[in-house]
>>> print(open('upload_7.cif').read())   # mmCIF, C-alpha atoms
data_final
#
loop_
_atom_site.label_atom_id
_atom_site.label_comp_id
_atom_site.auth_asym_id
_atom_site.auth_seq_id
_atom_site.Cartn_x
_atom_site.Cartn_y
_atom_site.Cartn_z
CA MET P 81 44.97 75.32 15.63
CA ALA P 82 45.58 71.83 14.39
CA ALA P 83 42.98 70.58 11.94
CA TRP P 84 40.61 67.88 13.11
CA SER P 85 41.60 68.44 16.74
CA ASP P 86 38.06 69.46 17.69
CA LEU P 87 36.48 66.34 16.21
CA THR P 88 35.04 64.12 18.92
CA ASN P 89 36.22 60.55 19.27
CA ASP P 90 32.87 59.37 17.91
CA ILE P 91 33.47 61.32 14.72
CA LEU P 92 37.09 60.13 14.46
CA GLU P 93 35.86 56.58 14.85
CA HIS P 94 33.38 57.13 12.06
CA ILE P 95 36.23 58.33 9.85
CA THR P 96 38.23 55.16 10.63
CA SER P 97 35.31 53.06 9.38
CA PHE P 98 36.30 54.15 5.85
CA LEU P 99 39.93 53.09 6.30
CA THR P 100 41.43 49.78 5.28
CA PHE P 101 43.42 47.80 7.83
CA PRO P 102 46.89 49.23 6.98
CA ASP P 103 45.49 52.78 6.85
CA HIS P 104 43.82 52.16 10.20
CA CYS P 105 47.19 51.19 11.72
CA ARG P 106 48.86 54.29 10.29
CA PHE P 107 45.97 56.39 11.66
CA GLY P 108 46.73 55.04 15.14
CA ALA P 109 50.31 56.30 14.94
CA VAL P 110 49.42 59.93 14.26
CA CYS P 111 48.91 61.06 17.85
CA LYS P 112 48.01 59.75 21.28
CA ASN P 113 44.30 60.40 20.99
CA TRP P 114 44.07 58.84 17.53
CA SER P 115 45.95 55.86 18.90
CA LEU P 116 43.25 55.43 21.55
CA VAL P 117 40.51 55.79 18.93
CA SER P 118 42.17 53.22 16.66
CA LYS P 119 42.13 50.73 19.52
CA LEU P 120 38.35 50.94 20.01
CA ARG P 121 37.83 48.81 16.89
CA ARG P 122 34.07 49.13 16.88
CA TYR P 123 33.95 49.15 13.09
CA PRO P 124 35.60 46.50 10.95
CA PRO P 125 38.22 47.92 8.55
CA ALA P 126 36.92 48.98 5.15
CA PRO P 127 36.96 46.10 2.67
CA GLN P 128 39.90 45.86 0.30
CA LEU P 129 41.17 43.36 -2.22
CA PRO P 130 42.69 40.31 -0.52
CA TRP P 131 46.39 40.07 0.16
CA LEU P 132 48.60 37.54 -1.54
CA VAL P 133 50.49 35.45 1.02
CA LEU P 134 54.14 35.07 0.00
CA GLU P 135 57.16 33.24 1.38
CA GLU P 136 59.13 34.44 4.39
CA GLU P 137 62.11 36.74 4.20
CA GLU P 138 65.27 34.68 4.41
CA GLU P 139 67.15 36.75 6.97
CA THR P 140 64.45 38.14 9.23
CA ARG P 141 61.95 35.26 8.78
CA LYS P 142 59.22 37.89 8.52
CA ARG P 143 56.25 36.82 6.43
CA LYS P 144 55.77 38.72 3.20
CA PHE P 145 52.38 39.79 1.93
CA TYR P 146 51.38 41.69 -1.18
CA SER P 147 48.44 44.07 -1.00
CA LEU P 148 46.78 44.37 -4.42
CA SER P 149 44.75 47.49 -3.54
CA GLU P 150 47.83 49.41 -2.54
CA ALA P 151 50.32 47.63 -4.82
CA LYS P 152 52.58 47.29 -1.80
CA HIS P 153 54.56 44.58 -0.07
CA TYR P 154 54.40 44.20 3.69
CA SER P 155 56.71 42.13 5.88
CA ILE P 156 55.22 41.19 9.21
CA GLU P 157 56.83 39.41 12.11
CA ILE P 158 54.62 36.41 12.94
CA PRO P 159 56.78 33.90 14.89
CA GLU P 160 54.14 31.16 14.64
CA LEU P 161 54.60 31.10 10.86
CA HIS P 162 58.40 30.71 10.86
CA GLY P 163 59.31 27.85 8.53
CA ARG P 164 55.70 27.01 7.84
CA TYR P 165 54.08 26.38 4.49
CA ILE P 166 50.71 28.09 4.06
CA CYS P 167 48.26 25.65 2.50
CA GLY P 168 44.98 27.47 2.90
CA SER P 169 43.18 30.64 3.92
CA SER P 170 39.63 31.24 5.05
CA HIS P 171 37.89 34.13 6.85
CA GLY P 172 41.26 35.81 7.38
CA TRP P 173 42.79 32.70 9.00
CA LEU P 174 45.71 30.69 7.64
CA PHE P 175 46.39 26.96 7.65
CA ALA P 176 50.13 26.46 8.10
CA VAL P 177 52.19 23.24 8.08
CA ASP P 178 55.70 22.95 9.52
CA ILE P 179 58.55 20.61 8.62
CA LYS P 180 57.34 18.04 11.16
CA ILE P 181 54.07 17.92 9.18
CA THR P 182 52.00 19.36 12.02
CA GLY P 183 49.41 21.98 11.26
CA ILE P 184 48.12 25.14 12.91
CA LEU P 185 45.20 27.41 12.17
CA ILE P 186 46.09 31.01 12.92
CA ASN P 187 44.74 34.51 12.51
CA PRO P 188 48.01 36.27 11.61
CA PHE P 189 46.92 39.63 13.02
CA THR P 190 45.25 38.73 16.29
CA ARG P 191 47.66 35.76 16.57
CA GLU P 192 44.85 33.55 17.89
CA CYS P 193 45.92 30.04 17.10
CA TYR P 194 44.57 26.46 17.10
CA GLU P 195 46.92 23.46 17.04
CA LEU P 196 45.55 20.94 14.59
CA PRO P 197 45.76 17.18 15.25
CA PRO P 198 48.28 15.07 13.25
CA PHE P 199 47.23 14.56 9.64
CA PRO P 200 46.02 11.10 8.57
CA ALA P 201 48.36 8.85 6.55
CA PHE P 202 49.42 10.41 3.25
CA SER P 203 48.28 7.31 1.37
CA LYS P 204 47.64 3.63 2.07
CA LYS P 205 51.35 2.97 1.70
CA ILE P 206 52.82 6.09 3.19
CA ASP P 207 52.33 6.88 6.85
CA ILE P 208 53.88 10.05 8.18
CA PRO P 209 56.54 9.18 10.74
CA LEU P 210 57.37 11.37 13.70
CA TYR P 211 60.06 13.77 12.59
CA GLU P 212 62.14 13.04 15.69
CA LYS P 213 61.94 9.28 15.22
CA VAL P 214 63.32 9.16 11.70
CA PRO P 215 67.00 8.05 11.93
CA SER P 216 69.30 10.97 11.35
CA ASP P 217 70.97 9.45 8.26
CA ASP P 218 67.50 8.99 6.79
CA ILE P 219 65.98 12.15 8.17
CA GLU P 220 64.76 13.47 4.89
CA ARG P 221 63.09 10.36 3.61
CA ILE P 222 59.52 9.25 3.93
CA ARG P 223 59.36 6.49 1.36
CA GLY P 224 60.98 8.60 -1.28
CA TRP P 225 59.48 11.88 -0.10
CA THR P 226 61.49 14.46 1.74
CA PHE P 227 59.87 16.19 4.67
CA GLU P 228 60.05 19.43 2.64
CA GLU P 229 58.06 17.82 -0.16
CA MET P 230 55.61 16.28 2.26
CA GLN P 231 55.12 19.65 4.00
CA ILE P 232 53.87 21.08 0.71
CA ARG P 233 51.96 18.05 -0.49
CA ILE P 234 50.12 16.89 2.61
CA VAL P 235 47.28 19.43 2.45
CA PHE P 236 46.04 20.47 -0.99
CA LYS P 237 43.39 22.90 0.18
CA ALA P 238 41.92 23.89 3.52
CA ILE P 239 38.84 25.97 4.33
CA LEU P 240 36.63 26.93 7.28
CA SER P 241 32.87 26.91 7.61
CA HIS P 242 32.84 30.07 9.77
CA ASP P 243 35.11 32.69 11.24
CA PRO P 244 36.42 31.08 14.48
CA LYS P 245 36.10 34.44 16.24
CA GLU P 246 32.38 34.47 15.57
CA ARG P 247 31.54 30.82 16.10
CA SER P 248 33.65 28.49 18.21
CA ASP P 249 31.83 25.46 16.74
CA PHE P 250 33.28 25.99 13.26
CA THR P 251 34.38 23.13 11.01
CA ALA P 252 37.74 22.98 9.25
CA MET P 253 37.77 20.89 6.07
CA ILE P 254 40.92 19.83 4.23
CA LEU P 255 41.73 17.95 1.05
CA PHE P 256 44.80 15.96 2.09
CA GLY P 257 47.17 13.21 0.99
CA GLU P 258 47.80 11.52 -2.31
CA LEU P 259 44.14 11.63 -3.45
CA ASN P 260 43.14 14.99 -1.92
CA THR P 261 40.80 13.13 0.42
CA PRO P 262 38.32 15.31 2.32
CA ALA P 263 38.64 15.24 6.11
CA PHE P 264 37.30 17.57 8.78
CA TRP P 265 38.14 18.73 12.27
CA ARG P 266 36.19 20.70 14.85
CA PRO P 267 37.63 22.33 17.95
CA GLY P 268 37.88 19.67 20.66
CA ASP P 269 38.28 16.75 18.21
CA LEU P 270 41.42 14.73 18.85
CA CYS P 271 41.83 13.67 15.24
CA TRP P 272 40.74 14.41 11.68
CA THR P 273 37.64 12.53 10.49
CA ILE P 274 37.85 11.25 6.92
CA VAL P 275 34.73 11.72 4.78
CA ASP P 276 33.73 8.42 3.14
CA GLY P 277 32.57 7.83 -0.38
CA GLN P 278 35.48 9.28 -2.31
CA VAL P 279 35.86 8.31 -5.95
CA GLY P 280 39.12 9.49 -7.42
CA SER P 281 41.13 12.55 -6.60
CA MET P 282 39.41 15.75 -5.48
CA ASP P 283 40.13 19.08 -7.11
CA ASP P 284 38.40 21.68 -5.03
CA ILE P 285 36.22 22.34 -2.04
CA VAL P 286 33.98 25.23 -1.07
CA TYR P 287 31.60 26.11 1.77
CA PHE P 288 28.27 27.58 0.75
CA GLU P 289 25.04 28.01 2.70
CA GLU P 290 25.73 25.52 5.50
CA ASN P 291 27.23 22.88 3.20
CA PHE P 292 30.67 21.80 2.04
CA TYR P 293 30.81 21.00 -1.68
CA VAL P 294 33.58 18.88 -3.09
CA LEU P 295 34.57 18.67 -6.72
CA PRO P 296 36.41 15.62 -8.02
CA SER P 297 38.30 15.74 -11.29
CA GLY P 298 35.24 14.25 -12.95
CA ILE P 299 31.95 15.78 -13.88
CA GLN P 300 29.82 15.37 -10.77
CA LEU P 301 29.51 17.65 -7.76
CA TYR P 302 29.44 16.21 -4.24
CA VAL P 303 28.14 17.55 -0.94
CA VAL P 304 29.42 16.43 2.46
CA ASP P 305 26.75 14.83 4.67
CA PHE P 306 27.82 14.82 8.33
CA GLU P 307 24.92 12.68 9.65
CA PRO P 308 24.54 9.82 10.31
CA LYS P 309 28.09 9.17 9.12
CA PRO P 310 30.40 11.62 7.28
CA LYS P 311 29.95 10.74 3.62
CA LEU P 312 30.03 12.29 0.16
CA ARG P 313 26.73 12.45 -1.69
CA GLU P 314 26.26 13.25 -5.39
CA VAL P 315 24.30 16.41 -6.07
CA GLY P 316 23.21 18.27 -9.19
CA PRO P 317 23.35 20.17 -11.34
CA GLU P 318 24.00 17.81 -14.22
CA ILE P 319 27.07 18.87 -16.04
CA GLY P 320 27.21 17.76 -19.66
CA GLN P 321 29.80 15.13 -20.53
CA ASP P 322 31.53 17.56 -22.82
CA LYS P 323 31.87 20.23 -20.17
CA LYS P 324 34.28 19.59 -17.38
CA ILE P 325 34.64 21.82 -14.36
CA SER P 326 37.72 21.53 -12.26
CA LYS P 327 37.55 24.57 -9.99
CA PHE P 328 34.85 26.50 -8.23
CA PHE P 329 36.56 29.70 -9.20
CA SER P 330 38.00 30.86 -12.46
CA PHE P 331 41.54 30.22 -13.62
CA GLU P 332 44.12 30.25 -10.94
CA VAL P 333 47.83 29.87 -11.31
CA PHE P 334 48.88 26.51 -9.97
CA HIS P 335 52.50 25.58 -9.60
CA PRO P 336 53.21 21.92 -8.84
CA LEU P 337 55.95 22.73 -6.35
CA VAL P 338 54.44 25.76 -4.70
CA GLY P 339 50.76 24.95 -4.93
CA ALA P 340 47.92 27.34 -5.52
CA PRO P 341 48.36 30.97 -4.48
CA VAL P 342 46.93 31.75 -1.07
CA TRP P 343 44.85 34.91 -0.73
CA LEU P 344 44.24 36.41 2.66
CA THR P 345 41.49 38.82 3.58
CA PRO P 346 42.81 40.57 6.69
CA ASN P 347 40.42 40.04 9.58
CA PRO P 348 42.31 41.84 12.33
CA TRP P 349 39.71 42.19 15.07
CA MET G 182 10.49 79.64 4.65
CA ILE G 183 12.77 79.37 7.67
CA THR G 184 15.74 81.49 8.65
CA LEU G 185 19.09 80.21 9.83
CA ILE G 186 21.40 82.61 11.66
CA SER G 187 25.10 81.80 11.77
CA SER G 188 27.57 82.69 14.53
CA ASP G 189 28.67 85.82 12.63
CA LYS G 190 25.02 86.95 12.50
CA ARG G 191 24.39 86.32 8.81
CA LYS G 192 20.89 85.25 7.89
CA PHE G 193 20.05 82.45 5.48
CA HIS G 194 16.52 81.96 4.20
CA VAL G 195 15.75 78.42 3.18
CA LEU G 196 12.61 76.59 2.15
CA GLU G 197 11.43 74.38 4.96
CA GLU G 198 11.38 71.34 2.66
CA VAL G 199 15.03 71.93 1.85
CA ALA G 200 16.16 72.49 5.43
CA ASN G 201 14.29 69.36 6.46
CA GLN G 202 17.31 67.40 5.28
CA SER G 203 18.75 68.32 8.66
CA LEU G 204 17.04 66.01 11.12
CA THR G 205 17.81 68.46 13.92
CA ILE G 206 16.09 71.35 12.10
CA ARG G 207 13.18 69.13 11.11
CA ASP G 208 12.59 68.23 14.76
CA VAL G 209 12.83 71.86 15.86
CA ILE G 210 10.30 72.94 13.22
CA GLU G 211 8.01 70.07 14.16
CA ASP G 212 8.14 71.12 17.83
CA ARG G 213 7.31 74.71 17.01
CA ARG G 214 4.58 74.03 14.46
CA GLY G 215 1.59 76.42 14.69
CA ARG G 216 3.49 79.06 16.58
CA ARG G 217 4.46 82.59 15.57
CA ARG G 218 6.61 83.45 12.58
CA ALA G 219 9.54 84.43 14.81
CA ASP G 220 9.84 80.81 15.79
CA ARG G 221 10.90 79.90 12.31
CA ILE G 222 14.29 81.43 13.05
CA ILE G 223 16.97 78.95 13.97
CA LEU G 224 20.32 79.94 15.41
CA VAL G 225 23.20 77.81 14.29
CA THR G 226 25.67 79.44 16.58
CA ASN G 227 28.44 76.90 16.45
CA ILE G 228 29.26 77.50 12.79
CA ASN G 229 30.42 80.53 10.81
CA SER G 230 28.67 81.80 7.69
CA LYS G 231 30.94 80.03 5.22
CA ILE G 232 29.60 76.68 6.29
CA PRO G 233 25.83 77.33 6.05
CA GLU G 234 26.45 78.51 2.53
CA LYS G 235 28.08 75.24 1.68
CA VAL G 236 25.50 73.21 3.55
CA ILE G 237 22.68 74.94 1.69
CA VAL G 238 24.38 74.32 -1.65
CA TYR G 239 24.59 70.67 -0.67
CA TRP G 240 20.93 70.61 0.38
CA LEU G 241 19.78 72.18 -2.87
CA ARG G 242 21.69 69.66 -4.95
CA HIS G 243 20.26 66.78 -2.93
CA PHE G 244 16.80 68.26 -2.54
CA LEU G 245 16.02 67.51 -6.16
CA MET G 246 16.26 63.78 -5.63
CA PRO G 247 15.88 62.80 -1.97
CA GLU G 248 13.56 59.91 -2.77
CA GLU G 249 15.87 58.51 -5.38
CA ILE G 250 18.82 58.75 -3.03
CA ALA G 251 16.92 57.11 -0.21
CA HIS G 252 15.79 54.21 -2.35
CA ALA G 253 18.96 53.91 -4.37
CA SER G 254 16.77 53.93 -7.47
CA MET G 255 18.78 56.51 -9.33
CA SER G 256 19.71 55.85 -12.92
CA HIS G 257 23.35 55.05 -13.50
CA LYS G 258 23.92 58.27 -15.37
CA LYS G 259 22.37 60.40 -12.62
CA ALA G 260 24.33 58.57 -9.93
CA GLU G 261 27.58 59.18 -11.81
CA LYS G 262 26.72 62.85 -12.18
CA LEU G 263 25.96 63.20 -8.47
CA LYS G 264 29.18 61.39 -7.59
CA LYS G 265 31.17 63.79 -9.73
CA TRP G 266 29.41 66.73 -8.17
CA GLU G 267 30.10 65.48 -4.65
CA ALA G 268 33.77 64.83 -5.43
CA LYS G 269 34.04 68.49 -6.46
CA PHE G 270 31.98 69.66 -3.48
CA PHE G 271 34.21 67.91 -0.96
CA ASP G 272 37.41 68.88 -2.73
CA THR G 273 38.18 71.68 -0.29
CA ASP G 274 40.71 72.58 2.39
CA ILE G 275 40.86 70.52 5.55
CA ASP G 276 39.55 73.29 7.81
CA THR G 277 36.37 73.54 5.75
CA LEU G 278 36.04 69.76 5.79
CA ASN G 279 36.47 69.85 9.53
CA ASP G 280 33.71 72.46 9.93
CA LEU G 281 31.44 70.63 7.51
CA ILE G 282 31.76 67.49 9.63
CA LEU G 283 30.95 69.42 12.81
CA ALA G 284 27.96 71.11 11.14
CA ALA G 285 26.67 67.85 9.66
CA ASP G 286 27.06 66.21 13.06
CA SER G 287 25.24 68.89 15.06
CA LEU G 288 22.55 69.45 12.40
CA ASP G 289 22.26 65.68 11.88
CA ILE G 290 22.61 65.45 8.10
CA PRO G 291 23.72 61.82 7.64
CA SER G 292 24.71 61.87 3.97
CA LEU G 293 26.77 65.05 4.35
CA PHE G 294 28.40 63.65 7.48
CA ASP G 295 29.33 60.41 5.73
CA GLY G 296 30.56 62.18 2.64
CA ALA G 297 32.81 64.57 4.59
CA CYS G 298 34.16 61.77 6.83
CA GLU G 299 34.92 59.67 3.79
CA LYS G 300 36.75 62.59 2.21
CA VAL G 301 38.91 62.93 5.34
CA SER G 302 39.63 59.19 5.18
CA ASP G 303 40.69 59.67 1.53
CA ILE G 304 43.21 62.26 2.67
CA LEU G 305 44.58 59.81 5.26
CA LYS G 306 44.86 56.91 2.81
CA ASN G 307 48.34 55.69 2.01
CA ARG G 308 49.93 58.44 4.07
CA SER G 309 52.41 57.84 6.85
CA ALA G 310 51.72 59.17 10.34
CA GLU G 311 54.37 61.85 9.78
CA GLU G 312 52.73 63.05 6.59
CA VAL G 313 49.32 63.20 8.27
CA GLY G 314 50.91 65.12 11.15
CA GLU G 315 52.30 67.67 8.70
CA ILE G 316 49.04 68.11 6.83
CA SER G 317 46.93 68.47 9.94
CA LYS G 318 49.52 70.13 12.23
CA ILE G 319 48.64 67.54 14.84
CA GLU G 320 51.48 66.97 17.31
CA ASN G 321 51.99 63.30 17.90
CA GLU G 322 52.64 63.78 21.67
CA PHE G 323 54.27 60.37 21.88
CA THR G 324 57.30 60.35 24.13
CA HIS G 325 60.49 59.06 22.59
CA GLU G 326 60.18 55.80 24.51
CA GLU G 327 56.59 55.22 23.38
CA GLU G 328 57.56 55.82 19.79
CA GLU G 329 60.48 53.44 20.11
CA GLU G 330 58.63 50.70 21.90
CA GLU G 331 54.90 50.75 21.41
CA ILE G 332 54.44 51.87 17.83
CA PRO G 333 57.06 49.77 16.04
CA SER G 334 56.15 46.50 17.71
CA GLU G 335 52.53 46.86 16.73
CA ASN G 336 52.48 48.73 13.49
CA ALA G 337 55.91 49.22 11.99
CA TRP G 338 55.12 47.09 8.98
CA VAL G 339 52.48 49.45 7.66
CA TRP G 340 54.82 52.18 6.54
CA ARG G 341 57.88 50.18 5.72
CA ASN G 342 57.80 49.31 2.08
CA GLU G 343 60.90 47.27 1.85
CA PHE G 344 60.97 45.90 -1.61
CA ALA G 345 58.87 48.25 -3.66
#
>>> encode(input="upload_7.cif", output="structure tokens")
Amino acid sequence: MAAWSDLTNDILEHITSFLTFPDHCRFGAVCKNWSLVSKLRRYPPAPQLPWLVLEEEEETRKRKFYSLSEAKHYSIEIPELHGRYICGSSHGWLFAVDIKITGILINPFTRECYELPPFPAFSKKIDIPLYEKVPSDDIERIRGWTFEEMQIRIVFKAILSHDPKERSDFTAMILFGELNTPAFWRPGDLCWTIVDGQVGSMDDIVYFEENFYVLPSGIQLYVVDFEPKPKLREVGPEIGQDKKISKFFSFEVFHPLVGAPVWLTPNPW
Amino acid sequence: MITLISSDKRKFHVLEEVANQSLTIRDVIEDRRGRRRADRIILVTNINSKIPEKVIVYWLRHFLMPEEIAHASMSHKKAEKLKKWEAKFFDTDIDTLNDLILAADSLDIPSLFDGACEKVSDILKNRSAEEVGEISKIENEFTHEEEEEEIPSENAWVWRNEFA
């Protein structure tokens, strides 16, 4: 008799609760019954190290990922991400910008997707023209920037307050444009709202216990107040003049042309 | 002392405190409290004698420290030792694992159930569906069309390892 064939579906499901997302998918391909069990998805997949989001394959346009836990590359067909630059990841969702400088927020596994409104002007001098309206002989120029450059530079970092699957009233916060200005969007908003009170360029942003914290390249930490008017407010702790923090997390490789690496924690159901 | 009788009629005498780790047995004993001695005999008919032996070994190892396990207050050294012991305990053939899971399920022994399920998941880890099929002798039963259409579109990426 085949092993494990007398295990009930409840027991099989319990076994799947110890499997990571890729193992869970492989489990579902073993036999018909296991396939049914894998589709119940009562338990979230077992936690694993996040995946590194890589570029797309040139020929197939499949998106490449690298799983640290398994030391394996995966190529996954996600049409929504074709030609898009990934500028942020949060709760298993990706922020992706295309050549026309329009953004989407997508869960690459469930393929749930939000279209984001057009980004605000890159800087006081540089507005982002409609891709279609730029004359064809000048198609690659936005005041000295090509669309390819702008696609990478427009959003420096993007994060979410909550998993959109769990709370539809989540807030998306980006650091965008020349000065990494903070701006937010909530589902239903027609445009991004810029947070006032910025001094200098911002280096990092994080969401922690109901608040967004923004870190400029100086020595003071800011929190985003949404009421009465979106504004940055200085908060402690005092950081000594001689100590400068520039990231909320430890050293990260940053490449000026590619940006910071994007890590994805698969959140498939 | 209570007596467990397996499907092949072997008898196992166990201290009540030890057997209490099975929530099913604990409830049965509780129901029968104050009755005759014969009522301290429990038939575990769905499992053969090999499994009660293993279950009792597991109970005895865990009996020494149930409080510590429950409150996660074990010293690091003890926890490491127990982990090593469990790794060895569960390092067995898949049929035994299968029976251990069934026994832990019907006797309601949560830690044994979890441990055995986790061991099965370890066997499945990083293995393709074909490999799992070979190990477990499970027939995949997918028709050719289903395998062509359904599986690849959803899951093909998980076992293709294109640039490793």
>>> interface_residues(input="upload_7.cif", of="chain P", to="chain G", cutoff="6 Å", atoms="only C-alpha atoms", output="list in words")
Ala82, Ala83, Trp84, Ile95, Pro102, Asp103, Arg106, Ala109, Val110, Cys111 and Ile156 of chain P
>>> residues_around(input="upload_7.cif", residues="Gln231 (chain P)", least_positions_apart="6", cutoff="10 Å", atoms="all atoms listed in the file", output="short mmCIF file (atom, residue, chain, number, x, y, z; two decimals) with C-alpha atoms, in the frame of the given file")
data_model
loop_
_atom_site.label_atom_id
_atom_site.label_comp_id
_atom_site.auth_asym_id
_atom_site.auth_seq_id
_atom_site.Cartn_x
_atom_site.Cartn_y
_atom_site.Cartn_z
CA ARG P 164 55.70 27.01 7.84
CA TYR P 165 54.08 26.38 4.49
CA ILE P 166 50.71 28.09 4.06
CA CYS P 167 48.26 25.65 2.50
CA ALA P 176 50.13 26.46 8.10
CA VAL P 177 52.19 23.24 8.08
CA ASP P 178 55.70 22.95 9.52
CA ILE P 179 58.55 20.61 8.62
CA LYS P 180 57.34 18.04 11.16
CA ILE P 181 54.07 17.92 9.18
CA THR P 182 52.00 19.36 12.02
CA GLY P 183 49.41 21.98 11.26
CA TRP P 225 59.48 11.88 -0.10
#
>>> residues_near_point(input="upload_7.cif", point="(25.1, 87.8, 9.8)", cutoff="12 Å", atoms="only C-alpha atoms", output="mmCIF file with C-alpha atoms, keeping the file's coordinate frame")
data_model
loop_
_atom_site.group_PDB
_atom_site.id
_atom_site.type_symbol
_atom_site.label_atom_id
_atom_site.label_comp_id
_atom_site.auth_asym_id
_atom_site.auth_seq_id
_atom_site.Cartn_x
_atom_site.Cartn_y
_atom_site.Cartn_z
ATOM 1 C CA THR G 184 15.740 81.490 8.650
ATOM 2 C CA LEU G 185 19.090 80.210 9.830
ATOM 3 C CA ILE G 186 21.400 82.610 11.660
ATOM 4 C CA SER G 187 25.100 81.800 11.770
ATOM 5 C CA SER G 188 27.570 82.690 14.530
ATOM 6 C CA ASP G 189 28.670 85.820 12.630
ATOM 7 C CA LYS G 190 25.020 86.950 12.500
ATOM 8 C CA ARG G 191 24.390 86.320 8.810
ATOM 9 C CA LYS G 192 20.890 85.250 7.890
ATOM 10 C CA PHE G 193 20.050 82.450 5.480
ATOM 11 C CA HIS G 194 16.520 81.960 4.200
ATOM 12 C CA LEU G 224 20.320 79.940 15.410
ATOM 13 C CA VAL G 225 23.200 77.810 14.290
ATOM 14 C CA THR G 226 25.670 79.440 16.580
ATOM 15 C CA ILE G 228 29.260 77.500 12.790
ATOM 16 C CA ASN G 229 30.420 80.530 10.810
ATOM 17 C CA SER G 230 28.670 81.800 7.690
ATOM 18 C CA LYS G 231 30.940 80.030 5.220
ATOM 19 C CA PRO G 233 25.830 77.330 6.050
ATOM 20 C CA GLU G 234 26.450 78.510 2.530
#
>>> residues_around(input="upload_7.cif", residues="Lys142 (chain P)", least_positions_apart="4", cutoff="6 Å", atoms="all atoms listed in the file", output="ChimeraX atom specification")
/P:136-137,155-157
>>> atom_distance(input="upload_7.cif", atom1="CA of Asp274 (chain G)", atom2="CA of Val236 (chain G)")
15.3 Å
>>> closest_atom_pairs(input="upload_7.cif", of="region 90-173 of chain P", to="region 238-242 of chain P", cutoff="7 Å", atoms="only C-alpha atoms", output="JSON lines")
{"residue": "P:Cys167", "atom": "CA", "partner": "P:Ala238", "partner_atom": "CA", "distance": 6.7}
{"residue": "P:Gly168", "atom": "CA", "partner": "P:Ala238", "partner_atom": "CA", "distance": 4.8}
{"residue": "P:Ser169", "atom": "CA", "partner": "P:Ile239", "partner_atom": "CA", "distance": 6.4}
{"residue": "P:Ser170", "atom": "CA", "partner": "P:Ile239", "partner_atom": "CA", "distance": 5.4}
>>> residues_around(input="upload_7.cif", residues="Thr190 (chain P)", least_positions_apart="4", cutoff="12 Å", atoms="all atoms listed in the file", output="PyMOL selection string")
(chain P and resi 158+160+172-174+186+244-245+346-349) or (chain G and resi 335)
>>> write_last_selection(input="upload_7.cif", atoms="C-alpha atoms", output="compact mmCIF listing (two decimals), in the frame of the given file")
# COMPACT_ATOMS: atom_id res chain seq x y z
CA ILE P 158 54.62 36.41 12.94
CA GLU P 160 54.14 31.16 14.64
CA GLY P 172 41.26 35.81 7.38
CA TRP P 173 42.79 32.70 9.00
CA LEU P 174 45.71 30.69 7.64
CA ILE P 186 46.09 31.01 12.92
CA PRO P 244 36.42 31.08 14.48
CA LYS P 245 36.10 34.44 16.24
CA PRO P 346 42.81 40.57 6.69
CA ASN P 347 40.42 40.04 9.58
CA PRO P 348 42.31 41.84 12.33
CA TRP P 349 39.71 42.19 15.07
CA GLU G 335 52.53 46.86 16.73
>>> resolve_selection(input="upload_7.cif", expression="the PyMOL selection byres ((chain P and resi 123) around 8)", output="PyMOL selection string")
chain P and resi 93+96-97+121-122+124-125
>>> residues_around(input="upload_7.cif", residues="region 197-213 of chain G", least_positions_apart="5", cutoff="9 Å", atoms="only C-alpha atoms", output="list in words")
Met182, Ile183, Asp220, Arg221, Ile223, Ile237, Trp240, Leu241, His243, Phe244, Pro247, Ala285, Ser287, Leu288, Asp289, Ile290 and Pro291 of chain G
>>> write_last_selection(input="upload_7.cif", atoms="C-alpha atoms", output="tab-separated table (two decimals), keeping the file's coordinate frame")
chain	number	residue	atom	x	y	z
G	182	MET	CA	10.49	79.64	4.65
G	183	ILE	CA	12.77	79.37	7.67
G	220	ASP	CA	9.84	80.81	15.79
G	221	ARG	CA	10.90	79.90	12.31
G	223	ILE	CA	16.97	78.95	13.97
G	237	ILE	CA	22.68	74.94	1.69
G	240	TRP	CA	20.93	70.61	0.38
G	241	LEU	CA	19.78	72.18	-2.87
G	243	HIS	CA	20.26	66.78	-2.93
G	244	PHE	CA	16.80	68.26	-2.54
G	247	PRO	CA	15.88	62.80	-1.97
G	285	ALA	CA	26.67	67.85	9.66
G	287	SER	CA	25.24	68.89	15.06
G	288	LEU	CA	22.55	69.45	12.40
G	289	ASP	CA	22.26	65.68	11.88
G	290	ILE	CA	22.61	65.45	8.10
G	291	PRO	CA	23.72	61.82	7.64
>>> residues_near_point(input="upload_7.cif", point="(41.2, 16.5, -7.5)", cutoff="8 Å", atoms="all atoms listed in the file", output="ChimeraX atom specification")
/P:259-260,280-284,295-297,326
>>> write_last_selection(input="upload_7.cif", atoms="C-alpha atoms", output="mmCIF file, keeping the file's coordinate frame")
data_model
loop_
_atom_site.group_PDB
_atom_site.id
_atom_site.type_symbol
_atom_site.label_atom_id
_atom_site.label_comp_id
_atom_site.auth_asym_id
_atom_site.auth_seq_id
_atom_site.Cartn_x
_atom_site.Cartn_y
_atom_site.Cartn_z
ATOM 1 C CA LEU P 259 44.140 11.630 -3.450
ATOM 2 C CA ASN P 260 43.140 14.990 -1.920
ATOM 3 C CA GLY P 280 39.120 9.490 -7.420
ATOM 4 C CA SER P 281 41.130 12.550 -6.600
ATOM 5 C CA MET P 282 39.410 15.750 -5.480
ATOM 6 C CA ASP P 283 40.130 19.080 -7.110
ATOM 7 C CA ASP P 284 38.400 21.680 -5.030
ATOM 8 C CA LEU P 295 34.570 18.670 -6.720
ATOM 9 C CA PRO P 296 36.410 15.620 -8.020
ATOM 10 C CA SER P 297 38.300 15.740 -11.290
ATOM 11 C CA SER P 326 37.720 21.530 -12.260
#
